[in-house]
$ cat structure-v9.cif   # mmCIF, C-alpha atoms
data_start
loop_
_atom_site.label_atom_id
_atom_site.label_comp_id
_atom_site.auth_asym_id
_atom_site.auth_seq_id
_atom_site.Cartn_x
_atom_site.Cartn_y
_atom_site.Cartn_z
CA MET J 1319 -11.38 -7.48 10.79
CA THR J 1320 -11.06 -8.33 14.50
CA ARG J 1321 -9.56 -6.62 17.54
CA PRO J 1322 -8.64 -8.08 20.94
CA PRO J 1323 -11.36 -7.55 23.58
CA ASN J 1324 -9.31 -5.04 25.58
CA CYS J 1325 -9.06 -2.66 22.60
CA ALA J 1326 -11.58 0.03 21.76
CA PRO J 1327 -13.65 -0.77 18.66
CA SER J 1328 -12.68 0.95 15.43
CA ARG J 1329 -15.03 3.01 13.28
CA CYS J 1330 -17.61 0.70 11.68
CA PRO J 1331 -17.63 0.77 7.88
CA LEU J 1332 -20.83 1.58 6.05
CA THR J 1333 -22.80 -1.24 4.45
CA ASP J 1334 -23.63 -0.81 0.78
CA GLU J 1335 -27.18 0.24 1.65
CA GLN J 1336 -25.99 2.71 4.31
CA HIS J 1337 -23.53 4.12 1.79
CA ARG J 1338 -26.28 4.59 -0.83
CA ALA J 1339 -28.50 6.25 1.78
CA ALA J 1340 -25.66 8.60 2.74
CA PHE J 1341 -25.23 9.63 -0.89
CA VAL J 1342 -28.98 10.34 -1.28
CA GLU J 1343 -29.07 12.27 2.00
CA ARG J 1344 -26.19 14.55 1.01
CA PHE J 1345 -26.88 15.07 -2.66
CA GLY J 1346 -30.63 14.55 -2.97
CA ARG J 1347 -30.50 11.95 -5.74
CA GLU J 1348 -29.40 8.41 -6.46
CA PRO J 1349 -25.79 7.69 -7.47
CA ALA J 1350 -25.23 6.97 -11.14
CA THR J 1351 -22.23 4.67 -10.79
CA SER J 1352 -20.16 2.82 -8.21
CA ALA J 1353 -16.60 1.54 -8.07
CA ARG J 1354 -14.29 -0.18 -5.63
CA ALA J 1355 -10.57 -0.84 -5.25
CA PRO J 1356 -8.80 -3.10 -2.74
CA GLY J 1357 -5.90 -2.42 -0.43
CA ARG J 1358 -2.65 -4.27 -0.93
CA VAL J 1359 -0.19 -6.12 1.28
CA ASN J 1360 3.40 -6.50 0.12
CA LEU J 1361 4.65 -10.03 0.76
CA ILE J 1362 8.30 -9.22 0.02
CA GLY J 1363 10.26 -6.56 -1.85
CA GLU J 1364 10.22 -3.50 0.38
CA HIS J 1365 11.76 -0.16 -0.67
CA THR J 1366 12.79 -1.75 -3.97
CA ASP J 1367 10.12 -0.23 -6.22
CA TYR J 1368 11.50 3.31 -6.28
CA ASN J 1369 14.92 1.73 -6.93
CA GLY J 1370 13.67 0.12 -10.14
CA GLY J 1371 13.56 -3.32 -8.57
CA PHE J 1372 11.22 -6.24 -7.92
CA VAL J 1373 8.17 -6.50 -5.67
CA LEU J 1374 5.61 -9.16 -4.76
CA PRO J 1375 2.37 -7.62 -3.46
CA MET J 1376 -1.12 -9.08 -3.13
CA ILE J 1377 -4.51 -7.37 -2.85
CA THR J 1378 -6.47 -7.55 0.41
CA THR J 1379 -10.13 -8.12 1.17
CA GLN J 1380 -10.38 -4.59 2.60
CA ASP J 1381 -11.41 -2.03 0.00
CA THR J 1382 -12.46 1.53 -0.79
CA ARG J 1383 -15.92 2.07 -2.33
CA VAL J 1384 -17.09 5.14 -4.23
CA LEU J 1385 -20.57 6.22 -5.29
CA MET J 1386 -20.75 9.01 -7.86
CA ALA J 1387 -23.08 11.08 -10.05
CA ARG J 1388 -22.49 13.84 -12.61
CA ARG J 1389 -23.04 17.53 -11.99
CA ASP J 1390 -23.91 20.22 -14.54
CA ASP J 1391 -21.00 22.45 -13.47
CA ARG J 1392 -17.25 22.08 -12.86
CA ARG J 1393 -17.52 21.45 -9.13
CA ALA J 1394 -16.41 18.31 -7.28
CA ARG J 1395 -18.27 17.64 -4.03
CA LEU J 1396 -16.90 14.88 -1.80
CA TRP J 1397 -17.94 13.21 1.44
CA SER J 1398 -15.98 10.53 3.31
CA ALA J 1399 -17.38 8.22 5.98
CA ASN J 1400 -13.89 7.57 7.33
CA VAL J 1401 -12.93 10.95 8.77
CA ASP J 1402 -14.33 13.20 11.46
CA ALA J 1403 -17.47 15.16 10.57
CA ALA J 1404 -15.61 18.46 10.53
CA GLN J 1405 -13.32 17.21 7.76
CA SER J 1406 -15.66 14.83 5.95
CA GLU J 1407 -17.05 17.25 3.33
CA VAL J 1408 -14.86 18.88 0.69
CA GLU J 1409 -15.76 20.92 -2.39
CA TYR J 1410 -13.50 22.38 -5.07
CA GLU J 1411 -13.49 23.59 -8.67
CA LEU J 1412 -12.04 21.35 -11.36
CA GLY J 1413 -9.03 23.15 -12.76
CA GLY J 1414 -8.41 24.87 -9.44
CA GLU J 1415 -6.95 21.93 -7.53
CA ARG J 1416 -4.67 23.06 -4.71
CA LYS J 1417 -3.15 20.99 -1.93
CA ALA J 1418 -4.83 21.40 1.45
CA ASP J 1419 -2.91 18.71 3.39
CA GLY J 1420 -5.93 16.50 3.92
CA TRP J 1421 -7.47 13.27 2.67
CA ALA J 1422 -9.09 14.99 -0.33
CA ASP J 1423 -5.67 15.86 -1.77
CA TYR J 1424 -5.58 12.34 -3.20
CA VAL J 1425 -8.85 13.03 -5.04
CA ARG J 1426 -7.67 16.48 -6.13
CA GLY J 1427 -4.55 14.81 -7.47
CA VAL J 1428 -6.65 12.35 -9.45
CA THR J 1429 -8.72 15.06 -11.15
CA ALA J 1430 -5.64 17.22 -11.74
CA VAL J 1431 -3.78 14.48 -13.64
CA LEU J 1432 -6.97 13.36 -15.42
CA ARG J 1433 -7.46 16.84 -16.88
CA ASP J 1434 -4.10 16.44 -18.60
CA ALA J 1435 -5.12 13.09 -20.08
CA VAL J 1436 -8.77 13.54 -21.11
CA SER J 1437 -11.03 16.35 -22.26
CA THR J 1438 -14.41 15.03 -21.14
CA LEU J 1439 -14.11 15.29 -17.35
CA GLY J 1440 -16.95 17.22 -15.74
CA GLY J 1441 -18.16 17.98 -12.25
CA PHE J 1442 -19.37 15.24 -9.92
CA ASP J 1443 -20.66 14.37 -6.47
CA ALA J 1444 -19.02 11.44 -4.69
CA THR J 1445 -19.23 9.60 -1.38
CA ILE J 1446 -16.45 7.36 -0.12
CA THR J 1447 -16.25 4.60 2.46
CA SER J 1448 -13.26 2.36 3.12
CA THR J 1449 -12.25 -0.61 5.23
CA VAL J 1450 -8.54 -0.19 4.41
CA PRO J 1451 -6.99 1.03 7.69
CA LEU J 1452 -5.28 4.40 7.46
CA GLY J 1453 -1.59 4.40 8.34
CA SER J 1454 -1.28 0.63 8.25
CA GLY J 1455 1.02 0.29 5.25
CA LEU J 1456 -1.76 -1.35 3.19
CA SER J 1457 -2.05 1.41 0.58
CA SER J 1458 -5.20 3.22 1.65
CA SER J 1459 -4.16 6.14 -0.56
CA ALA J 1460 -3.67 4.00 -3.68
CA SER J 1461 -6.98 2.28 -2.95
CA LEU J 1462 -8.73 5.67 -2.85
CA GLU J 1463 -7.00 6.89 -6.01
CA VAL J 1464 -7.83 3.78 -8.04
CA ALA J 1465 -11.44 3.63 -6.78
CA MET J 1466 -11.95 7.27 -7.77
CA LEU J 1467 -10.37 6.71 -11.18
CA ARG J 1468 -12.54 3.66 -11.78
CA ALA J 1469 -15.67 5.63 -10.86
CA LEU J 1470 -14.72 8.59 -13.07
CA ASN J 1471 -13.75 6.23 -15.88
CA GLY J 1472 -17.21 4.67 -15.81
CA LEU J 1473 -19.16 7.88 -15.26
CA PHE J 1474 -17.54 9.82 -18.09
CA GLY J 1475 -16.72 6.93 -20.45
CA LEU J 1476 -12.99 7.68 -20.45
CA GLY J 1477 -11.90 4.30 -21.81
CA LEU J 1478 -8.98 3.86 -19.41
CA ASP J 1479 -7.59 0.36 -18.92
CA ALA J 1480 -6.17 -0.97 -15.64
CA SER J 1481 -2.57 -0.08 -16.53
CA ALA J 1482 -3.49 3.49 -17.43
CA ILE J 1483 -5.42 3.84 -14.19
CA ALA J 1484 -2.39 2.64 -12.22
CA ARG J 1485 -0.08 5.12 -13.94
CA LEU J 1486 -2.50 8.03 -13.40
CA ALA J 1487 -2.97 7.10 -9.75
CA HIS J 1488 0.80 7.03 -9.27
CA ARG J 1489 1.13 10.46 -10.87
CA ALA J 1490 -1.60 11.82 -8.59
CA GLU J 1491 0.29 10.70 -5.50
CA THR J 1492 3.79 11.66 -6.57
CA GLU J 1493 3.25 14.80 -8.67
CA PHE J 1494 0.30 16.38 -6.86
CA VAL J 1495 0.36 15.06 -3.28
CA GLY J 1496 4.15 14.94 -3.34
CA VAL J 1497 4.70 11.53 -1.75
CA PRO J 1498 7.84 9.90 -3.23
CA VAL J 1499 6.44 6.38 -3.53
CA GLY J 1500 7.27 3.87 -6.24
CA VAL J 1501 4.70 2.44 -8.62
CA MET J 1502 4.04 -0.79 -6.71
CA ASP J 1503 0.99 0.32 -4.73
CA GLN J 1504 -1.05 1.58 -7.65
CA MET J 1505 -0.03 -1.33 -9.89
CA ALA J 1506 -1.00 -3.89 -7.26
CA VAL J 1507 -4.32 -2.23 -6.44
CA SER J 1508 -5.32 -1.76 -10.08
CA LEU J 1509 -3.97 -5.00 -11.56
CA GLY J 1510 -3.95 -7.49 -8.68
CA SER J 1511 -6.36 -10.42 -8.39
CA PRO J 1512 -7.63 -12.32 -5.32
CA HIS J 1513 -5.64 -15.29 -3.98
CA SER J 1514 -2.52 -14.60 -6.07
CA ALA J 1515 0.66 -12.64 -5.46
CA LEU J 1516 1.63 -10.27 -8.27
CA PHE J 1517 5.31 -10.17 -9.20
CA ILE J 1518 6.15 -6.78 -10.71
CA ASP J 1519 9.38 -5.64 -12.32
CA THR J 1520 8.96 -1.95 -11.52
CA ARG J 1521 11.38 -0.90 -14.27
CA SER J 1522 9.76 -2.71 -17.19
CA LEU J 1523 6.32 -3.06 -15.52
CA GLU J 1524 6.29 -6.72 -16.59
CA ARG J 1525 4.26 -8.82 -14.19
CA GLU J 1526 3.26 -12.40 -13.39
CA SER J 1527 0.78 -13.90 -10.93
CA PHE J 1528 1.63 -16.68 -8.48
CA PRO J 1529 -0.87 -18.47 -6.22
CA LEU J 1530 0.13 -19.07 -2.61
CA PRO J 1531 1.26 -22.60 -1.73
CA ALA J 1532 -1.58 -25.04 -1.09
CA ALA J 1533 -2.99 -25.18 2.46
CA THR J 1534 -1.43 -21.85 3.46
CA ALA J 1535 -2.98 -18.52 4.38
CA LEU J 1536 -1.78 -14.99 4.92
CA LEU J 1537 -1.75 -13.40 8.35
CA ILE J 1538 -2.13 -9.63 8.26
CA ILE J 1539 -2.07 -7.87 11.63
CA ASP J 1540 -2.07 -4.11 12.08
CA SER J 1541 0.33 -3.17 14.88
CA GLY J 1542 -1.61 -0.02 15.76
CA VAL J 1543 1.59 2.04 15.31
CA PRO J 1544 0.66 4.74 12.77
CA HIS J 1545 3.04 6.00 10.13
CA GLY J 1546 3.12 8.60 7.39
CA HIS J 1547 4.90 8.42 4.02
CA ALA J 1548 4.63 12.07 3.07
CA ALA J 1549 7.27 13.25 5.53
CA GLY J 1550 10.17 12.14 7.67
CA GLU J 1551 12.33 9.08 7.36
CA TYR J 1552 10.67 7.52 4.31
CA ARG J 1553 11.76 10.50 2.23
CA VAL J 1554 15.22 10.32 3.78
CA ARG J 1555 15.58 6.65 2.81
CA ARG J 1556 14.74 7.41 -0.79
CA GLN J 1557 17.32 10.20 -0.88
CA GLU J 1558 19.91 7.86 0.66
CA CYS J 1559 19.23 5.26 -2.03
CA ASP J 1560 19.61 7.84 -4.79
CA THR J 1561 22.89 9.03 -3.28
CA ALA J 1562 24.19 5.47 -2.90
CA ALA J 1563 23.39 4.70 -6.54
CA ARG J 1564 25.24 7.80 -7.74
CA GLN J 1565 28.30 6.96 -5.68
CA LEU J 1566 28.27 3.38 -6.95
CA GLY J 1567 28.04 4.68 -10.52
CA VAL J 1568 24.73 3.01 -11.40
CA ALA J 1569 21.43 4.42 -12.64
CA SER J 1570 19.60 2.92 -9.65
CA LEU J 1571 20.31 0.35 -6.95
CA ARG J 1572 18.50 -2.20 -9.15
CA ASP J 1573 21.70 -2.26 -11.20
CA ALA J 1574 24.14 -2.61 -8.28
CA THR J 1575 25.71 -5.90 -7.16
CA LEU J 1576 27.02 -7.08 -3.83
CA ARG J 1577 30.50 -7.31 -5.39
CA GLN J 1578 30.33 -3.63 -6.38
CA LEU J 1579 29.27 -2.78 -2.87
CA GLU J 1580 32.02 -4.85 -1.27
CA ILE J 1581 34.83 -3.17 -3.21
CA SER J 1582 33.38 0.32 -2.90
CA THR J 1583 34.19 2.94 -0.29
CA LEU J 1584 30.54 3.71 0.28
CA PRO J 1585 30.12 4.81 3.91
CA ASN J 1586 27.34 3.91 6.31
CA PRO J 1587 24.42 4.38 6.36
CA LEU J 1588 24.50 4.44 2.55
CA ARG J 1589 26.27 1.06 2.47
CA LYS J 1590 23.56 -0.47 4.64
CA ARG J 1591 20.76 1.01 2.55
CA ALA J 1592 22.31 -0.32 -0.65
CA ARG J 1593 22.90 -3.76 0.87
CA HIS J 1594 19.24 -4.02 1.79
CA VAL J 1595 17.99 -3.11 -1.68
CA ILE J 1596 20.45 -5.42 -3.46
CA THR J 1597 19.69 -8.41 -1.23
CA GLU J 1598 15.95 -7.68 -1.15
CA ASN J 1599 15.75 -7.79 -4.93
CA GLN J 1600 17.41 -11.20 -4.84
CA ARG J 1601 15.00 -12.35 -2.15
CA VAL J 1602 12.03 -11.39 -4.33
CA LEU J 1603 13.38 -13.46 -7.23
CA GLU J 1604 13.95 -16.41 -4.90
CA ALA J 1605 10.50 -15.95 -3.38
CA THR J 1606 8.79 -16.10 -6.77
CA GLU J 1607 10.62 -19.35 -7.49
CA ALA J 1608 9.54 -20.69 -4.10
CA LEU J 1609 5.93 -19.89 -5.00
CA ARG J 1610 6.35 -21.50 -8.40
CA GLN J 1611 7.57 -24.66 -6.67
CA ARG J 1612 4.96 -24.38 -3.85
CA ARG J 1613 7.71 -24.32 -1.18
CA ALA J 1614 6.08 -22.56 1.77
CA ALA J 1615 8.96 -23.05 4.21
CA GLU J 1616 11.45 -21.50 1.81
CA PHE J 1617 9.14 -18.57 1.17
CA GLY J 1618 8.70 -18.03 4.91
CA ALA J 1619 12.45 -18.05 5.52
CA LEU J 1620 12.83 -15.32 2.90
CA MET J 1621 10.15 -13.26 4.67
CA ASN J 1622 12.08 -13.58 7.93
CA ALA J 1623 15.32 -12.53 6.23
CA SER J 1624 13.56 -9.57 4.66
CA HIS J 1625 12.38 -8.31 8.03
CA GLU J 1626 15.86 -8.62 9.50
CA SER J 1627 17.30 -6.64 6.60
CA LEU J 1628 14.64 -3.96 7.01
CA ARG J 1629 15.34 -3.82 10.73
CA VAL J 1630 19.14 -3.77 10.62
CA ASP J 1631 20.20 -2.40 7.23
CA PHE J 1632 17.29 -0.17 6.23
CA GLU J 1633 16.30 0.75 9.79
CA VAL J 1634 12.60 1.26 9.10
CA SER J 1635 11.07 -0.99 11.72
CA THR J 1636 10.10 -0.08 15.29
CA PRO J 1637 10.41 -1.99 18.60
CA ASP J 1638 6.65 -2.62 18.69
CA VAL J 1639 6.56 -3.91 15.13
CA ASP J 1640 9.62 -6.08 15.83
CA ARG J 1641 7.84 -7.53 18.85
CA LEU J 1642 4.74 -8.33 16.81
CA VAL J 1643 6.83 -9.93 14.06
CA GLY J 1644 8.82 -11.95 16.59
CA GLN J 1645 5.70 -13.24 18.32
CA THR J 1646 4.26 -14.28 14.96
CA GLN J 1647 7.47 -15.98 13.82
CA SER J 1648 7.62 -18.00 17.06
CA GLU J 1649 4.19 -19.58 16.58
CA ALA J 1650 4.03 -23.20 15.46
CA GLY J 1651 2.47 -23.32 12.03
CA VAL J 1652 3.95 -20.00 10.88
CA PHE J 1653 6.43 -20.26 8.01
CA GLY J 1654 7.62 -16.65 8.22
CA ALA J 1655 6.62 -13.06 8.97
CA ARG J 1656 7.81 -9.53 8.32
CA MET J 1657 6.78 -5.91 8.48
CA THR J 1658 4.99 -4.70 5.36
CA GLY J 1659 4.77 -1.25 3.80
CA GLY J 1660 7.12 1.67 4.08
CA GLY J 1661 7.87 1.13 7.74
CA PHE J 1662 7.96 3.11 10.99
CA GLY J 1663 4.72 1.40 12.03
CA GLY J 1664 1.79 -0.20 10.28
CA ALA J 1665 0.98 -3.83 9.63
CA ILE J 1666 2.89 -7.09 9.49
CA VAL J 1667 2.32 -10.02 7.14
CA GLY J 1668 2.99 -13.69 7.67
CA LEU J 1669 2.47 -17.02 5.91
CA ALA J 1670 0.93 -19.80 8.02
CA ASP J 1671 -0.67 -23.20 7.90
CA GLU J 1672 -4.22 -22.53 6.71
CA SER J 1673 -5.90 -24.72 9.32
CA HIS J 1674 -4.36 -22.79 12.22
CA ALA J 1675 -4.02 -19.31 10.72
CA ALA J 1676 -7.08 -17.69 12.31
CA ALA J 1677 -6.27 -19.01 15.78
CA ILE J 1678 -2.63 -17.95 15.46
CA ALA J 1679 -3.55 -14.42 14.38
CA ALA J 1680 -6.05 -13.99 17.22
CA ARG J 1681 -3.58 -15.31 19.80
CA VAL J 1682 -0.71 -13.12 18.60
CA ALA J 1683 -2.88 -9.99 18.47
CA ALA J 1684 -4.27 -10.57 21.97
CA ASN J 1685 -0.82 -11.18 23.46
CA TYR J 1686 0.70 -8.15 21.74
CA SER J 1687 -2.17 -5.88 22.78
CA SER J 1688 -2.15 -6.98 26.42
CA HIS J 1689 1.59 -6.46 26.88
CA GLY J 1690 2.31 -3.22 25.04
CA ARG J 1691 1.28 0.34 24.20
CA TYR J 1692 -0.79 -0.43 21.12
CA CYS J 1693 -3.78 -2.55 20.16
CA ALA J 1694 -3.44 -4.93 17.22
CA THR J 1695 -6.15 -5.58 14.64
CA VAL J 1696 -6.35 -8.85 12.70
CA LEU J 1697 -7.03 -8.05 9.05
CA ALA J 1698 -6.51 -11.55 7.67
CA PRO J 1699 -7.45 -14.33 7.69
#

$ encode --input "structure-v9.cif" --output "structure tokens"
Amino acid sequence: MTRPPNCAPSRCPLTDEQHRAAFVERFGREPATSARAPGRVNLIGEHTDYNGGFVLPMITTQDTRVLMARRDDRRARLWSANVDAAQSEVEYELGGERKADGWADYVRGVTAVLRDAVSTLGGFDATITSTVPLGSGLSSSASLEVAMLRALNGLFGLGLDASAIARLAHRAETEFVGVPVGVMDQMAVSLGSPHSALFIDTRSLERESFPLPAATALLIIDSGVPHGHAAGEYRVRRQECDTAARQLGVASLRDATLRQLEISTLPNPLRKRARHVITENQRVLEATEALRQRRAAEFGALMNASHESLRVDFEVSTPDVDRLVGQTQSEAGVFGARMTGGGFGGAIVGLADESHAAAIAARVAANYSSHGRYCATVLAP
């Protein structure tokens, strides 16, 4: 994880030994178990998951790590290395989970949904450290949820498999925290594997892994523009999609066709939202075939088209993100690039020639940071 020299350094993550020492310092004993979960970057298929469509995410090298030990009561005591000291420690009673509009809501959501699924959950102490940037569109919340579920699964012998963990994590975020996300993030984080993109049909939950084309590498660059899914335009876009589906007479936009849209009287912006979802689903199917055939240039062109659709039809990009995407697309050796995540800020993802990827990412980040309001961070390669 690198930042241009003119940008202030970010908070340093804890090493494994520092994390263990932090647990011992706060709780006076050694942790009994540990767990981790990665972040995810979505290569293509944006705003399609909550429309029952197709997505193509991939896990990242950044991750969330949890240390945990049992307690003899029903209390949960938490400490995070990634927030300010005044907000880093949280304690609550299992069975009394209430939203407090903070980072620990994602943990409260996990224990709340777990209590409905298992009967053996007890109190615990936990420390958390993460290298997944907050607000970057790389699923820091899903990473936290899955890491916590993995730790609890091991500590209490719950017998949950990866699919069950993904479903519980999704329930924690949607039912307890109240963020209207689709299932992609939790599925990718729980079921993804290194070096391969994971195609997911979010309706059937069928999935298939595809390696990247040979001699290519992902570029992931955080724009420095923060976003939030729990409020604002993300929620509006989901409501617009639901309304468009009803007016087109389909269960979800997954079932709509361009022909239906063309002959309909659907007004803007609903028409534009529907057009993005319909064409984005087709792009994901074409992208998986491009990966199957190892056609990097074709895959990159689909990434570029996806960003344009997100910018024009779905209107979830920002001028700064557009500038970062454009600078990346213009580099020799880059096959394609697009915004990733829900939008309104966050990171971009690109596919590049492996031998030049690191130099390209560093050059783009430095240029963007020296000519704009925000500082970019290279997250990959």

$ closest_residue --input "structure-v9.cif" --among "J:Trp1421, J:Phe1662, J:Phe1442, J:Trp1397" --to "J:Pro1544" --atoms "only C-alpha atoms"
J:Phe1662

$ residues_near_point --input "structure-v9.cif" --point "(0.4, -11.4, -11.3)" --cutoff "7 Å" --atoms "only C-alpha atoms" --output "PyMOL selection string"
chain J and resi 1510+1514-1517+1525-1528

$ closest_residue --input "structure-v9.cif" --among "J:Gly1661, J:Leu1584, J:Pro1529, J:Gln1647" --to "J:Arg1613" --atoms "only C-alpha atoms"
J:Pro1529

$ closest_atom_pairs --input "structure-v9.cif" --of "stretch 1389-1477 of chain J" --to "stretch 1346-1359 of chain J" --cutoff "6 Å" --atoms "all atoms listed in the file" --output "JSON lines"
{"residue": "J:Val1450", "atom": "CA", "partner": "J:Gly1357", "partner_atom": "CA", "distance": 5.9}
{"residue": "J:Leu1456", "atom": "CA", "partner": "J:Arg1358", "partner_atom": "CA", "distance": 5.1}
{"residue": "J:Ser1457", "atom": "CA", "partner": "J:Gly1357", "partner_atom": "CA", "distance": 5.5}
{"residue": "J:Ser1461", "atom": "CA", "partner": "J:Ala1355", "partner_atom": "CA", "distance": 5.3}
{"residue": "J:Ala1465", "atom": "CA", "partner": "J:Ala1355", "partner_atom": "CA", "distance": 4.8}
{"residue": "J:Arg1468", "atom": "CA", "partner": "J:Ala1353", "partner_atom": "CA", "distance": 5.9}
{"residue": "J:Ala1469", "atom": "CA", "partner": "J:Ala1353", "partner_atom": "CA", "distance": 5.0}

$ atom_distance --input "structure-v9.cif" --atom1 "atom CA of J:Ser1508" --atom2 "atom CA of J:Arg1555"
26.0 Å

$ residues_around --input "structure-v9.cif" --residues "stretch 1403-1416 of chain J" --least-positions-apart "6" --cutoff "6 Å" --atoms "all atoms listed in the file" --output "list of chain:residue names"
J:Arg1392, J:Arg1393, J:Ala1394, J:Arg1395, J:Leu1396, J:Trp1397, J:Arg1426

$ resolve_selection --input "structure-v9.cif" --expression "the PyMOL selection byres ((chain J and resi 1631) around 9)" --output "list in words"
Pro1587, Arg1589, Lys1590, Arg1591, Ala1592, Arg1593, His1594, Glu1626, Ser1627, Leu1628, Arg1629, Val1630, Phe1632, Glu1633 and Val1634 of chain J

$ write_last_selection --input "structure-v9.cif" --atoms "C-alpha atoms" --output "compact mmCIF listing (two decimals), in the coordinates of the input"
# COMPACT_ATOMS: atom_id res chain seq x y z
CA PRO J 1587 24.42 4.38 6.36
CA ARG J 1589 26.27 1.06 2.47
CA LYS J 1590 23.56 -0.47 4.64
CA ARG J 1591 20.76 1.01 2.55
CA ALA J 1592 22.31 -0.32 -0.65
CA ARG J 1593 22.90 -3.76 0.87
CA HIS J 1594 19.24 -4.02 1.79
CA GLU J 1626 15.86 -8.62 9.50
CA SER J 1627 17.30 -6.64 6.60
CA LEU J 1628 14.64 -3.96 7.01
CA ARG J 1629 15.34 -3.82 10.73
CA VAL J 1630 19.14 -3.77 10.62
CA PHE J 1632 17.29 -0.17 6.23
CA GLU J 1633 16.30 0.75 9.79
CA VAL J 1634 12.60 1.26 9.10

$ atom_distance --input "structure-v9.cif" --atom1 "atom CA of J:Cys1559" --atom2 "atom CA of J:Met1505"
21.8 Å

$ resolve_selection --input "structure-v9.cif" --expression "the PyMOL selection byres ((chain J and resi 1322) around 10)" --output "ChimeraX atom specification"
/J:1320-1321,1323-1327,1680-1688,1693-1696

$ atom_distance --input "structure-v9.cif" --atom1 "atom CA of J:Thr1445" --atom2 "atom CA of J:Thr1333"
12.8 Å

$ residues_around --input "structure-v9.cif" --residues "J:Ser1522" --least-positions-apart "6" --cutoff "12 Å" --atoms "all atoms listed in the file" --output "PyMOL selection string"
chain J and resi 1367+1370-1372+1501+1572

$ resolve_selection --input "structure-v9.cif" --expression "the PyMOL selection byres ((chain J and resi 1451) around 12)" --output "PyMOL selection string"
chain J and resi 1319+1328-1331+1356-1359+1378-1382+1400-1401+1447-1450+1452-1459+1461-1462+1538-1545+1664-1665+1694-1697

$ write_last_selection --input "structure-v9.cif" --atoms "C-alpha atoms" --output "compact mmCIF listing (two decimals), in the frame of the given file"
# COMPACT_ATOMS: atom_id res chain seq x y z
CA MET J 1319 -11.38 -7.48 10.79
CA SER J 1328 -12.68 0.95 15.43
CA ARG J 1329 -15.03 3.01 13.28
CA CYS J 1330 -17.61 0.70 11.68
CA PRO J 1331 -17.63 0.77 7.88
CA PRO J 1356 -8.80 -3.10 -2.74
CA GLY J 1357 -5.90 -2.42 -0.43
CA ARG J 1358 -2.65 -4.27 -0.93
CA VAL J 1359 -0.19 -6.12 1.28
CA THR J 1378 -6.47 -7.55 0.41
CA THR J 1379 -10.13 -8.12 1.17
CA GLN J 1380 -10.38 -4.59 2.60
CA ASP J 1381 -11.41 -2.03 0.00
CA THR J 1382 -12.46 1.53 -0.79
CA ASN J 1400 -13.89 7.57 7.33
CA VAL J 1401 -12.93 10.95 8.77
CA THR J 1447 -16.25 4.60 2.46
CA SER J 1448 -13.26 2.36 3.12
CA THR J 1449 -12.25 -0.61 5.23
CA VAL J 1450 -8.54 -0.19 4.41
CA LEU J 1452 -5.28 4.40 7.46
CA GLY J 1453 -1.59 4.40 8.34
CA SER J 1454 -1.28 0.63 8.25
CA GLY J 1455 1.02 0.29 5.25
CA LEU J 1456 -1.76 -1.35 3.19
CA SER J 1457 -2.05 1.41 0.58
CA SER J 1458 -5.20 3.22 1.65
CA SER J 1459 -4.16 6.14 -0.56
CA SER J 1461 -6.98 2.28 -2.95
CA LEU J 1462 -8.73 5.67 -2.85
CA ILE J 1538 -2.13 -9.63 8.26
CA ILE J 1539 -2.07 -7.87 11.63
CA ASP J 1540 -2.07 -4.11 12.08
CA SER J 1541 0.33 -3.17 14.88
CA GLY J 1542 -1.61 -0.02 15.76
CA VAL J 1543 1.59 2.04 15.31
CA PRO J 1544 0.66 4.74 12.77
CA HIS J 1545 3.04 6.00 10.13
CA GLY J 1664 1.79 -0.20 10.28
CA ALA J 1665 0.98 -3.83 9.63
CA ALA J 1694 -3.44 -4.93 17.22
CA THR J 1695 -6.15 -5.58 14.64
CA VAL J 1696 -6.35 -8.85 12.70
CA LEU J 1697 -7.03 -8.05 9.05

$ closest_residue --input "structure-v9.cif" --among "J:Arg1521, J:Arg1577, J:Leu1588, J:Ala1614" --to "J:Arg1564" --atoms "all atoms listed in the file"
J:Leu1588

$ closest_residue --input "structure-v9.cif" --among "J:Gly1477, J:Gly1500, J:Pro1375, J:Pro1585" --to "J:Arg1556" --atoms "all atoms listed in the file"
J:Gly1500

$ closest_residue --input "structure-v9.cif" --among "J:Ala1435, J:Lys1417, J:Gly1475, J:Thr1534" --to "J:Glu1491" --atoms "only C-alpha atoms"
J:Lys1417

$ closest_residue --input "structure-v9.cif" --among "J:Ile1377, J:Leu1669, J:Leu1473, J:Leu1478" --to "J:Val1436" --atoms "all atoms listed in the file"
J:Leu1478

$ residues_near_point --input "structure-v9.cif" --point "(-4.5, 14.7, -7.6)" --cutoff "9 Å" --atoms "all atoms listed in the file" --output "list of chain:residue names"
J:Glu1415, J:Arg1416, J:Lys1417, J:Ala1422, J:Asp1423, J:Tyr1424, J:Val1425, J:Arg1426, J:Gly1427, J:Val1428, J:Thr1429, J:Ala1430, J:Val1431, J:Leu1432, J:Glu1463, J:Ala1487, J:Arg1489, J:Ala1490, J:Glu1491, J:Thr1492, J:Glu1493, J:Phe1494, J:Val1495
